[in-house]
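> Would you mind keeping the following structure in view while I ask a few things?
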Amino acid sequence: MAETLLLDSLLHIPEALEKMVFPPRARESHRGHGEAGIENRIAVDGNGGGGGLVSGPVDILETPKAYTFFFDVPGIPKSDIQVTLEDEKVLVVKTNGKRKREEGEEEGCRYLRLERKAMLKLLRKFRLPEDANPAAITAKCENGVLTVTVEKLPPPPESKPKTVEVTVT
């Protein structure tokens with residue numbers, strides 16, 4: 001039994017060291033998420049948790065035609081979710097954090113236990129890369145998942161090098 005506990009604690013040393021060396025946000029980047037792409041191109045500006053705001057987890061997918069953001073927003077009505085764009089380059093997603101509880105169908109009903117806590121107010125900001133199209137942003141919320149898609153601008157046409165013939169006199 002003692003050998004198992006010792007072995008188990010030794011196996012978790014890298015995780016413990018990682019927690020001490022890297023703060024939570026840096027740990028996500030340190031693990032290699034998006035090493036060759038979107039995390040290096042999209043500046044993530046979460047909220048430090050002050051004032052009842054949280055920066056919930058997000059998955060970001062880059063495809064050849066768009067950037068797609070996935071947020072978990074369980075129990076939050078669509079009308080309480082705001083997706084905006086600041087300065088044409090900063091995507092802002094926020095919620096008011098209120099979740100409606102199911103009311104008892106009959107009078108005299110009451111909850112015996114309330115363990116599912118409503119999410120605090122969510123606030124996330126993302127500085128979009130240069131190839132993001134601020135005029136082509138869509139958002140949909142289904143089954144507690146908010147999906148925000150930002151289309152990419154088409155790449156500029158490659159210009160051929162201009163050759164000028166100069167006569168030497």
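FYI, nothing fancy with the structure tokens labels: chains A, B, ... in order, residues from 1 per chain, ligands from 1 as they appear.
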Can you tell me, as number ranges by chain, what residues are no more than 7 Å from range 84-93 of chain A when counting only C-alpha atoms, ignoring any on the same chain fewer than 5 positions away?
A: 123-128, 134
> Could you check the closest approach to Gly56 in chain A for each of A:Lys152, A:Pro74, A:Asp80, A:Leu122 and tell me which residue wins, using only C-alpha atoms?
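Of A:Lys152, A:Pro74, A:Asp80, A:Leu122, the one nearest Gly56 in chain A is A:Leu122, counting only C-alpha atoms.
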> Excluding same-chain residues fewer than 3 positions from Leu146 in chain A, what lies within 10 Å of it counting only C-alpha atoms, as a ChimeraX atom specification?
/A:58,69-74,76,78,81,83,93,139-143,149
> Given only C-alpha atoms, how would the per-residue table for range 73-162 of chain A near range 63-67 of chain A read, listing every residue at most 10 Å away with its closest atom pair and distance in Å to one decimal, sorted by chain and number, as a tab-separated table?

```
residue	atom	partner	partner_atom	distance
A:Leu128	CA	A:Tyr67	CA	9.2
A:Pro129	CA	A:Tyr67	CA	9.7
A:Asp131	CA	A:Ala66	CA	9.3
A:Ala132	CA	A:Ala66	CA	7.7
A:Asn133	CA	A:Ala66	CA	8.9
A:Ala136	CA	A:Ala66	CA	9.6
A:Ile137	CA	A:Ala66	CA	9.5
A:Val148	CA	A:Tyr67	CA	8.3
A:Thr149	CA	A:Tyr67	CA	5.8
A:Val150	CA	A:Tyr67	CA	5.1
A:Glu151	CA	A:Ala66	CA	4.1
A:Lys152	CA	A:Ala66	CA	4.9
A:Leu153	CA	A:Lys65	CA	8.0
A:Pro154	CA	A:Lys65	CA	8.2
```
> Check the DSSP output for the backbone and give back, as a list in words, the residues of range 107-160 of chain A in strand (DSSP E or B).
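Matching residues for strand (DSSP E or B) in range 107-160 of chain A are Lys121, Leu122, Leu123, Arg124, Lys125, Phe126, Arg127, Ala132, Asn133, Pro134, Ala135, Ala136, Ile137, Thr138, Ala139, Lys140, Cys141, Glu142, Val145, Leu146, Thr147, Val148, Thr149, Val150, Glu151 and Lys152 of chain A.
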> If you measure from CA of Thr68 in chain A to CA of Val145 in chain A, what distance in Å do you get, rounded to one decimal?
12.2 Å
